[in-house]
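Participant: What follows is a structure written as structure tokens; I'll ask about it next.
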Amino acid sequence: MNGYLCANGWEETLSRELSAAGVGEHFHSPAAGLVVGESHTSGLRYEPIFARQWLPSCIAVKGTSLTELIQALGAALDPVLDSNPLPWTMHCCTPDFYSEDSTHYEFLSGRAALLHEKFIQRMAKYRKRTLEKYQNWETIDEKRPCFIVQAVLTDTDCLWVSTSRRFKTETGRFVPFMRSLIPGSIPHDSQAPCRSYYKLEEAWQQAGIFPRKGDVCIDLGAAPGGWTWAALKRGARVVAVDFAELKPHVENHPHCEHSIDNGYAFMPARPADWMFCDMIVRPMATLGLLERWLEHKACRKFVVNVKFRGKEPETILTAIEELRHKHQLTKLIIKHLYYDRNEITLIGGL
């Protein structure tokens, strides 16, 4: 059984994506933010767009009290961890760890943290030798092999547990921790003009690429300047395209040029290093804009948000795949990010 965590409300979309990709069957959602199903071998190499976390070989563990849950968890994990020669780590959470606006599991989040603490105490008492190989999951060395235990609390008496060795996909990304972002790991910026600032920071963190000092960036539909500000902070030069006003500290930045123009129709006189677009337009219009830039080779890299606006994601994903193949976007990343809402983010380059 494979499990996947997603933003609350996106379970059906994720289930359809997984079925269409052929990575398994009989997908269903036993709890908000969680999808499980029978897995195929191909699922080991597929990173879903709408999944935030992968739970390979997951099982449900039950217990009417915290003590019973810990006992049941120990019974499930002891044989696995005792025979495991690798360093191991453990991650306890609730599904909405990956839903910025959700409070569905607010009560259970504290219980998940307590469960983790009590389980480690239990290991110290009964499995000292196994505990010597334990490392904190937030600080474990990503360059070394390790064994990962994931415990997702979906109710006071139900825990979904996954155990697996971490490995890289064909694109070089680590699983089962598919995402580079830990929610909250992007530092708060009191000068960020708007919430969308964090979308771009997350997109860069997800892809592992960032603008370098002196890079030329074009921000289409820039106002009030969230994405422009993110690039300026990294030393880039930004052409912010919008009829609307930017925040004063963005407008007056020495490396910001405010072009009073239509972001949808804008095309630079010479190729830019980056193109950004977070405009609220129809999804196919956004993809048409991106295609024009690709055809003109007007940028080397891009971050583009595609809004759904009530349209079924599957039709948009088909169009994105066509665009990927047409322009040979072998490094294209497509993700529904933590800071995304009714949209997905495309990160790529020529």
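Letters A, B, ... mark the chains of the structure tokens in the order given; residue numbers begin at 1 per chain; ligand numbers begin at 1, in order shown.
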Which residues in range 99-342 of chain A does DSSP call alpha helix (DSSP H)? List them as a PDB file with C-alpha atoms, in the first residue's frame.
Facilitator:
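Written file, selection.pdb:
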```pdb
ATOM      1  CA  GLU A 106      -5.007  21.603  14.777  1.00  0.00           C
ATOM      2  CA  PHE A 107      -5.732  19.523  17.891  1.00  0.00           C
ATOM      3  CA  LEU A 108      -3.932  16.426  16.592  1.00  0.00           C
ATOM      4  CA  SER A 109      -0.687  18.243  15.727  1.00  0.00           C
ATOM      5  CA  GLY A 110       0.239  18.490  19.412  1.00  0.00           C
ATOM      6  CA  ARG A 111      -0.666  14.842  19.908  1.00  0.00           C
ATOM      7  CA  ALA A 112       1.606  13.862  16.994  1.00  0.00           C
ATOM      8  CA  ALA A 113       4.541  15.702  18.586  1.00  0.00           C
ATOM      9  CA  LEU A 114       3.842  14.025  21.934  1.00  0.00           C
ATOM     10  CA  LEU A 115       3.620  10.618  20.241  1.00  0.00           C
ATOM     11  CA  HIS A 116       7.067  11.158  18.718  1.00  0.00           C
ATOM     12  CA  GLU A 117       8.533  12.149  22.075  1.00  0.00           C
ATOM     13  CA  LYS A 118       6.992   9.200  23.920  1.00  0.00           C
ATOM     14  CA  PHE A 119       8.033   6.726  21.223  1.00  0.00           C
ATOM     15  CA  ILE A 120      11.681   7.806  21.452  1.00  0.00           C
ATOM     16  CA  GLN A 121      11.453   7.456  25.241  1.00  0.00           C
ATOM     17  CA  ARG A 122      10.076   3.960  24.736  1.00  0.00           C
ATOM     18  CA  MET A 123      12.999   3.121  22.403  1.00  0.00           C
ATOM     19  CA  ALA A 124      15.461   4.414  25.023  1.00  0.00           C
ATOM     20  CA  LYS A 125      13.975   1.973  27.521  1.00  0.00           C
ATOM     21  CA  TYR A 126      13.484  -1.126  25.374  1.00  0.00           C
ATOM     22  CA  LYS A 128      18.802   1.188  23.306  1.00  0.00           C
ATOM     23  CA  ARG A 129      21.005  -0.361  20.643  1.00  0.00           C
ATOM     24  CA  THR A 130      18.530   0.525  17.884  1.00  0.00           C
ATOM     25  CA  LEU A 131      18.152   4.048  19.240  1.00  0.00           C
ATOM     26  CA  SER A 196       2.971  35.652  -3.234  1.00  0.00           C
ATOM     27  CA  TYR A 197       6.590  36.442  -2.295  1.00  0.00           C
ATOM     28  CA  TYR A 198       6.676  33.098  -0.472  1.00  0.00           C
ATOM     29  CA  LYS A 199       5.415  31.217  -3.563  1.00  0.00           C
ATOM     30  CA  LEU A 200       8.497  32.192  -5.544  1.00  0.00           C
ATOM     31  CA  GLU A 201      10.866  31.489  -2.671  1.00  0.00           C
ATOM     32  CA  GLU A 202       9.314  28.035  -2.322  1.00  0.00           C
ATOM     33  CA  ALA A 203       9.510  27.397  -6.075  1.00  0.00           C
ATOM     34  CA  TRP A 204      13.226  28.149  -6.066  1.00  0.00           C
ATOM     35  CA  GLN A 205      13.740  25.976  -3.009  1.00  0.00           C
ATOM     36  CA  GLN A 206      11.763  23.176  -4.648  1.00  0.00           C
ATOM     37  CA  ALA A 207      13.881  23.305  -7.809  1.00  0.00           C
ATOM     38  CA  GLY A 226       6.252  40.247  -4.244  1.00  0.00           C
ATOM     39  CA  TRP A 227       8.174  38.277  -6.873  1.00  0.00           C
ATOM     40  CA  THR A 228      10.208  41.300  -7.899  1.00  0.00           C
ATOM     41  CA  TRP A 229      11.268  41.781  -4.277  1.00  0.00           C
ATOM     42  CA  ALA A 230      12.359  38.134  -3.965  1.00  0.00           C
ATOM     43  CA  ALA A 231      14.652  38.506  -6.983  1.00  0.00           C
ATOM     44  CA  LEU A 232      16.001  41.895  -5.896  1.00  0.00           C
ATOM     45  CA  LYS A 233      16.994  40.441  -2.526  1.00  0.00           C
ATOM     46  CA  PRO A 248       7.544  52.162  -2.730  1.00  0.00           C
ATOM     47  CA  HIS A 249      10.565  50.236  -1.420  1.00  0.00           C
ATOM     48  CA  VAL A 250      10.365  47.959  -4.484  1.00  0.00           C
ATOM     49  CA  GLU A 251       9.733  50.793  -6.951  1.00  0.00           C
ATOM     50  CA  PRO A 283      -5.002  28.848 -17.509  1.00  0.00           C
ATOM     51  CA  MET A 284      -4.726  28.283 -21.251  1.00  0.00           C
ATOM     52  CA  ALA A 285      -3.888  31.960 -21.722  1.00  0.00           C
ATOM     53  CA  THR A 286      -1.031  31.579 -19.232  1.00  0.00           C
ATOM     54  CA  LEU A 287       0.280  28.548 -21.134  1.00  0.00           C
ATOM     55  CA  GLY A 288      -0.034  30.483 -24.388  1.00  0.00           C
ATOM     56  CA  LEU A 289       2.063  33.275 -22.873  1.00  0.00           C
ATOM     57  CA  LEU A 290       4.724  30.788 -21.774  1.00  0.00           C
ATOM     58  CA  GLU A 291       4.779  29.187 -25.209  1.00  0.00           C
ATOM     59  CA  ARG A 292       5.404  32.567 -26.877  1.00  0.00           C
ATOM     60  CA  TRP A 293       8.374  33.135 -24.604  1.00  0.00           C
ATOM     61  CA  LEU A 294       9.724  29.664 -25.329  1.00  0.00           C
ATOM     62  CA  GLU A 295       9.295  30.065 -29.085  1.00  0.00           C
ATOM     63  CA  PRO A 313      -6.735  20.268 -13.595  1.00  0.00           C
ATOM     64  CA  GLU A 314      -6.509  17.222 -15.889  1.00  0.00           C
ATOM     65  CA  THR A 315      -7.169  19.230 -19.061  1.00  0.00           C
ATOM     66  CA  ILE A 316      -4.505  21.745 -18.064  1.00  0.00           C
ATOM     67  CA  LEU A 317      -1.983  19.000 -17.287  1.00  0.00           C
ATOM     68  CA  THR A 318      -2.487  17.533 -20.748  1.00  0.00           C
ATOM     69  CA  ALA A 319      -1.694  20.908 -22.303  1.00  0.00           C
ATOM     70  CA  ILE A 320       1.388  21.278 -20.082  1.00  0.00           C
ATOM     71  CA  GLU A 321       2.677  17.863 -21.160  1.00  0.00           C
ATOM     72  CA  GLU A 322       2.231  18.858 -24.799  1.00  0.00           C
ATOM     73  CA  LEU A 323       4.229  22.016 -24.108  1.00  0.00           C
ATOM     74  CA  ARG A 324       6.916  20.000 -22.329  1.00  0.00           C
ATOM     75  CA  HIS A 325       7.406  17.653 -25.290  1.00  0.00           C
ATOM     76  CA  LYS A 326       7.158  20.355 -27.947  1.00  0.00           C
TER      77      LYS A 326
END
```
Participant: For Cys6 in chain A, please output as an MDAnalysis selection string all residues within 8 Å (counting only C-alpha atoms; exclusion window: fewer than 2 positions along the same chain).
Facilitator: chainID A and resid 4 8 10:11 14 33:35 50:53 95:96 98:99
Participant: Select, from A:Met267, A:Val61, A:Ala192, A:Ala20, the residue with the minimum atom-to-atom distance to Pro48 in chain A, counting only C-alpha atoms.
Facilitator: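 Of the candidates, the smallest distance to Pro48 in chain A is held by A:Ala20.
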Participant: How far is it from CA of His91 in chain A to CA of Tyr46 in chain A, in Å with one decimal?
Facilitator: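 Pair CA of His91 in chain A / CA of Tyr46 in chain A returns 21.8 Å.
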